[in-house]
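> Structure supplied as start_36.pdb; contents: PDB, C-alpha atoms.
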```
ATOM      1  CA  MET A  26     156.400 184.663 104.106
ATOM      2  CA  PHE A  27     158.975 181.862 104.236
ATOM      3  CA  GLY A  28     157.283 179.851 106.970
ATOM      4  CA  PHE A  29     159.759 180.775 109.702
ATOM      5  CA  GLY A  30     158.143 180.451 113.118
ATOM      6  CA  LYS A  31     155.075 178.687 111.745
ATOM      7  CA  LYS A  32     153.645 175.764 113.643
ATOM      8  CA  ILE A  33     154.497 172.366 112.137
ATOM      9  CA  GLU A  34     151.321 170.628 111.020
ATOM     10  CA  LYS A  35     150.808 167.279 112.780
ATOM     11  CA  ASP A  36     147.738 166.184 110.806
ATOM     12  CA  PRO A  37     148.942 164.503 107.573
ATOM     13  CA  LYS A  38     145.832 165.478 105.594
ATOM     14  CA  LYS A  39     146.208 169.155 106.488
ATOM     15  CA  ALA A  40     149.942 169.053 105.749
ATOM     16  CA  ILE A  41     149.237 167.605 102.291
ATOM     17  CA  GLU A  42     146.526 170.218 101.744
ATOM     18  CA  ASN A  43     148.964 173.007 102.715
ATOM     19  CA  ALA A  44     151.605 171.627 100.349
ATOM     20  CA  ASP A  45     149.031 171.448  97.554
ATOM     21  CA  LYS A  46     148.114 175.109  98.111
ATOM     22  CA  ALA A  47     151.783 176.160  98.194
ATOM     23  CA  ILE A  48     152.573 174.418  94.909
ATOM     24  CA  ASN A  49     149.429 175.329  92.991
ATOM     25  CA  SER A  50     148.210 178.731  94.188
ATOM     26  CA  GLY A  51     149.325 182.170  95.190
ATOM     27  CA  VAL A  52     152.755 183.723  94.816
ATOM     28  CA  SER A  53     154.601 180.559  95.829
ATOM     29  CA  GLY A  54     152.676 178.580  93.209
ATOM     30  CA  PHE A  55     153.484 181.141  90.537
ATOM     31  CA  LEU A  56     157.169 181.177  91.470
ATOM     32  CA  THR A  57     157.329 177.374  91.588
ATOM     33  CA  LYS A  58     155.780 177.055  88.125
ATOM     34  CA  THR A  59     157.985 179.818  86.731
ATOM     35  CA  PHE A  60     161.347 178.705  88.097
ATOM     36  CA  MET A  61     160.924 174.951  88.552
ATOM     37  CA  GLY A  62     158.877 174.263  85.441
ATOM     38  CA  LYS A  63     155.760 172.350  84.500
ATOM     39  CA  ASP A  64     157.372 168.889  84.792
ATOM     40  CA  PHE A  65     158.365 169.544  88.400
ATOM     41  CA  VAL A  66     154.876 170.775  89.285
ATOM     42  CA  ASP A  67     153.277 167.760  87.547
ATOM     43  CA  GLN A  68     155.537 165.305  89.410
ATOM     44  CA  THR A  69     154.872 167.061  92.703
ATOM     45  CA  ASN A  70     151.122 166.981  92.117
ATOM     46  CA  ALA A  71     151.298 163.258  91.277
ATOM     47  CA  SER A  72     153.154 162.649  94.546
ATOM     48  CA  LEU A  73     150.636 164.733  96.478
ATOM     49  CA  ASN A  74     147.746 162.780  94.935
ATOM     50  CA  MET A  75     149.395 159.512  95.945
ATOM     51  CA  ALA A  76     149.909 160.827  99.469
ATOM     52  CA  LYS A  77     146.240 161.880  99.627
ATOM     53  CA  ASN A  78     145.210 158.377  98.546
ATOM     54  CA  TYR A  79     147.551 156.779 101.077
ATOM     55  CA  THR A  80     146.233 158.884 103.976
ATOM     56  CA  ASP A  81     142.676 157.966 102.966
ATOM     57  CA  THR A  82     143.490 154.250 103.296
ATOM     58  CA  SER A  83     145.733 154.497 106.365
ATOM     59  CA  ASN A  84     142.836 154.131 108.824
ATOM     60  CA  LEU A  85     141.280 151.121 107.070
ATOM     61  CA  GLY A  86     143.052 148.855 109.534
ATOM     62  CA  GLN A  87     140.634 150.078 112.173
ATOM     63  CA  THR A  88     137.531 151.029 110.205
ATOM     64  CA  GLY A  89     137.625 148.789 107.118
ATOM     65  CA  MET A  90     135.457 145.756 106.429
ATOM     66  CA  GLY A  91     137.335 142.467 106.517
ATOM     67  CA  ALA A  92     137.415 140.188 103.485
ATOM     68  CA  THR A  93     139.506 137.674 101.611
ATOM     69  CA  ALA A  94     140.580 138.366  98.066
ATOM     70  CA  GLU A  95     142.084 136.406  95.222
ATOM     71  CA  VAL A  96     144.795 138.258  93.311
ATOM     72  CA  LEU A  97     143.788 138.338  89.633
ATOM     73  CA  GLY A  98     146.601 140.639  88.544
ATOM     74  CA  ILE A  99     149.460 142.651  89.989
ATOM     75  CA  GLU A 100     151.455 145.506  88.481
ATOM     76  CA  ASP A 101     154.321 147.551  89.931
ATOM     77  CA  THR A 102     153.735 151.302  89.896
ATOM     78  CA  GLY A 103     157.425 152.125  90.448
ATOM     79  CA  THR A 104     156.648 153.997  93.663
ATOM     80  CA  LEU A 105     157.895 153.229  97.168
ATOM     81  CA  ILE A 106     156.372 154.196 100.512
ATOM     82  CA  ASN A 107     158.734 153.582 103.427
ATOM     83  CA  TYR A 108     160.787 151.388 101.060
ATOM     84  CA  ASN A 109     157.754 149.165 100.375
ATOM     85  CA  PRO A 110     156.458 148.954  96.805
ATOM     86  CA  VAL A 111     153.128 150.426  95.774
ATOM     87  CA  VAL A 112     151.387 147.969  93.469
ATOM     88  CA  ARG A 113     148.201 147.993  91.428
ATOM     89  CA  LEU A 114     146.170 144.935  92.416
ATOM     90  CA  LYS A 115     143.241 143.500  90.509
ATOM     91  CA  LEU A 116     141.258 141.553  93.112
ATOM     92  CA  MET A 117     138.204 139.328  93.377
ATOM     93  CA  VAL A 118     136.986 140.261  96.855
ATOM     94  CA  THR A 119     134.843 137.918  98.928
ATOM     95  CA  PRO A 120     133.432 139.929 101.833
ATOM     96  CA  GLN A 121     132.477 138.288 105.113
ATOM     97  CA  PHE A 122     128.937 139.535 104.486
ATOM     98  CA  GLY A 123     127.691 140.354 101.023
ATOM     99  CA  VAL A 124     128.242 139.628  97.380
ATOM    100  CA  PRO A 125     131.750 139.071  95.921
ATOM    101  CA  PHE A 126     133.007 141.853  93.673
ATOM    102  CA  GLU A 127     136.015 142.724  91.544
ATOM    103  CA  THR A 128     138.098 145.835  92.202
ATOM    104  CA  THR A 129     141.398 147.417  91.237
ATOM    105  CA  SER A 130     143.414 149.259  93.845
ATOM    106  CA  GLU A 131     146.832 150.807  94.352
ATOM    107  CA  THR A 132     148.257 149.903  97.738
ATOM    108  CA  ALA A 133     151.587 149.562  99.488
ATOM    109  CA  VAL A 134     152.617 145.972 100.233
ATOM    110  CA  SER A 135     155.479 144.544 102.246
ATOM    111  CA  LYS A 136     158.533 144.034 100.055
ATOM    112  CA  ILE A 137     159.114 140.649 101.708
ATOM    113  CA  ALA A 138     155.535 139.445 101.123
ATOM    114  CA  ILE A 139     154.463 140.725  97.718
ATOM    115  CA  PRO A 140     151.321 138.861  96.621
ATOM    116  CA  ARG A 141     151.277 136.882  93.377
ATOM    117  CA  VAL A 142     148.521 136.076  90.905
ATOM    118  CA  GLY A 143     146.357 133.329  92.372
ATOM    119  CA  ASP A 144     147.242 134.104  96.008
ATOM    120  CA  LYS A 145     144.433 134.436  98.537
ATOM    121  CA  ILE A 146     145.078 137.428 100.792
ATOM    122  CA  ASN A 147     143.315 139.039 103.739
ATOM    123  CA  ILE A 148     142.265 142.622 103.172
ATOM    124  CA  LYS A 149     140.212 145.412 104.663
ATOM    125  CA  TYR A 150     138.278 147.677 102.331
ATOM    126  CA  ASN A 151     136.080 150.758 102.420
ATOM    127  CA  PRO A 152     132.517 149.684 101.522
ATOM    128  CA  ALA A 153     131.771 153.228 100.303
ATOM    129  CA  ASN A 154     134.786 153.151  97.926
ATOM    130  CA  THR A 155     135.837 149.599  97.110
ATOM    131  CA  SER A 156     139.036 150.763  95.412
ATOM    132  CA  GLN A 157     140.386 151.688  98.875
ATOM    133  CA  VAL A 158     142.003 148.436  99.996
ATOM    134  CA  LEU A 159     144.503 147.598 102.741
ATOM    135  CA  VAL A 160     146.389 144.307 102.560
ATOM    136  CA  ILE A 161     146.719 142.828 106.058
TER     137      ILE A 161
END
```
Could you show the structure in this file as structure tokens?

Amino acid sequence: MFGFGKKIEKDPKKAIENADKAINSGVSGFLTKTFMGKDFVDQTNASLNMAKNYTDTSNLGQTGMGATAEVLGIEDTGTLINYNPVVRLKLMVTPQFGVPFETTSETAVSKIAIPRVGDKINIKYNPANTSQVLVI
């Protein structure tokens, strides 16, 4: 009932999925909503959605398509991942092969190398979902 003796989940996606179920369904979800309130559940769900997005882009370093991109706009989201800011980037992407395109993406960037408007940066992106971008 309280998770004592349960195996610790090593896969981040499954751990996030388990947390989502605990917060939003069953007895634990009911108790969380009742005693912690709607604002707490909304903030937790927003954090879980961000974590889901981050785990989706975490393997882009190995599987993503390489490209250069010009920063058209940058906006701070107010979120940190490992003390690095998560920013919303508006990019003009020039793939190594293919037609340039514009995309907007939220991604973590190094706090000592935050891109600026007009900068040319190297990225990797998911061709199936061009909003999934990893700044390299």
> Carefully work through the PyMOL selection byres ((chain A and resi 89) around 12) for this structure and note down the residues it includes, as a PDB file with C-alpha atoms, in the coordinates of the input.

```pdb
ATOM      1  CA  ASP A  81     142.676 157.966 102.966  1.00  0.00           C
ATOM      2  CA  THR A  82     143.490 154.250 103.296  1.00  0.00           C
ATOM      3  CA  SER A  83     145.733 154.497 106.365  1.00  0.00           C
ATOM      4  CA  ASN A  84     142.836 154.131 108.824  1.00  0.00           C
ATOM      5  CA  LEU A  85     141.280 151.121 107.070  1.00  0.00           C
ATOM      6  CA  GLY A  86     143.052 148.855 109.534  1.00  0.00           C
ATOM      7  CA  GLN A  87     140.634 150.078 112.173  1.00  0.00           C
ATOM      8  CA  THR A  88     137.531 151.029 110.205  1.00  0.00           C
ATOM      9  CA  MET A  90     135.457 145.756 106.429  1.00  0.00           C
ATOM     10  CA  GLY A  91     137.335 142.467 106.517  1.00  0.00           C
ATOM     11  CA  ALA A  92     137.415 140.188 103.485  1.00  0.00           C
ATOM     12  CA  PRO A 120     133.432 139.929 101.833  1.00  0.00           C
ATOM     13  CA  GLN A 121     132.477 138.288 105.113  1.00  0.00           C
ATOM     14  CA  ASN A 147     143.315 139.039 103.739  1.00  0.00           C
ATOM     15  CA  ILE A 148     142.265 142.622 103.172  1.00  0.00           C
ATOM     16  CA  LYS A 149     140.212 145.412 104.663  1.00  0.00           C
ATOM     17  CA  TYR A 150     138.278 147.677 102.331  1.00  0.00           C
ATOM     18  CA  ASN A 151     136.080 150.758 102.420  1.00  0.00           C
ATOM     19  CA  PRO A 152     132.517 149.684 101.522  1.00  0.00           C
ATOM     20  CA  ALA A 153     131.771 153.228 100.303  1.00  0.00           C
ATOM     21  CA  ASN A 154     134.786 153.151  97.926  1.00  0.00           C
ATOM     22  CA  THR A 155     135.837 149.599  97.110  1.00  0.00           C
ATOM     23  CA  SER A 156     139.036 150.763  95.412  1.00  0.00           C
ATOM     24  CA  GLN A 157     140.386 151.688  98.875  1.00  0.00           C
ATOM     25  CA  VAL A 158     142.003 148.436  99.996  1.00  0.00           C
ATOM     26  CA  LEU A 159     144.503 147.598 102.741  1.00  0.00           C
ATOM     27  CA  VAL A 160     146.389 144.307 102.560  1.00  0.00           C
ATOM     28  CA  ILE A 161     146.719 142.828 106.058  1.00  0.00           C
TER      29      ILE A 161
END
```
> If you measure from CA of Met117 (chain A) to CA of Thr102 (chain A), what distance in Å do you get, rounded to one decimal?
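That distance, rounded to one decimal, is 19.9 Å.
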> Ranking A:Gly51, A:Gly98, A:Pro140, A:Gly62 by minimum distance to Glu127 (chain A) and counting all atoms listed in the file, which one comes first?
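Checking each of A:Gly51, A:Gly98, A:Pro140, A:Gly62 against Glu127 (chain A), counting all atoms listed in the file, the winner is A:Gly98.
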> My list of candidates is A:Ser72, A:Asp144, A:Val118, A:Asn43. Which is closest to Ile106 (chain A) when distances are computed with only C-alpha atoms?
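Ranking A:Ser72, A:Asp144, A:Val118, A:Asn43 by distance to Ile106 (chain A), first place goes to A:Ser72.
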> List, as a list of chain:residue names, every residue that the PyMOL selection byres ((chain A and resi 97) around 10) selects in the file provided.
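After applying the PyMOL selection byres ((chain A and resi 97) around 10), what remains is A:Ala94, A:Glu95, A:Val96, A:Gly98, A:Ile99, A:Leu114, A:Lys115, A:Leu116, A:Met117, A:Glu127, A:Thr128, A:Thr129, A:Arg141, A:Val142, A:Gly143, A:Asp144, A:Lys145.
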> Please compute the CA of Thr119 (chain A)-CA of Gly103 (chain A) distance, one decimal, in Å.
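These two atoms are separated by 28.0 Å.
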> May I ask for the distance between CA of Phe65 (chain A) and CA of Ser130 (chain A), given in Å to one decimal place?
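If I compute the distance from CA of Phe65 (chain A) to CA of Ser130 (chain A), I get 25.8 Å.
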> Evaluated on this file, the PyMOL selection byres ((chain A and resi 135) around 10) picks out some residues - which ones are they, written as a PyMOL selection string?
chain A and resi 106-111+133-134+136-140+160-161
> So, counting all atoms listed in the file, which residue among A:Arg113, A:Ile146, A:Val66, A:Thr93 is closest to Ala47 (chain A)?
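Smallest distance to Ala47 (chain A) is found for A:Val66.
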> With distances taken over all atoms listed in the file, which residue among A:Glu131, A:Gly123, A:Glu100, A:Thr69 lies nearest Asn49 (chain A)?
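Closest residue, counting all atoms listed in the file: A:Thr69.
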> Counting all atoms listed in the file, which residue out of A:Lys32, A:Asp101, A:Lys63, A:Val112 sits closest to Ile48 (chain A)?
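The shortest atom-to-atom distance to Ile48 (chain A) comes from A:Lys63.
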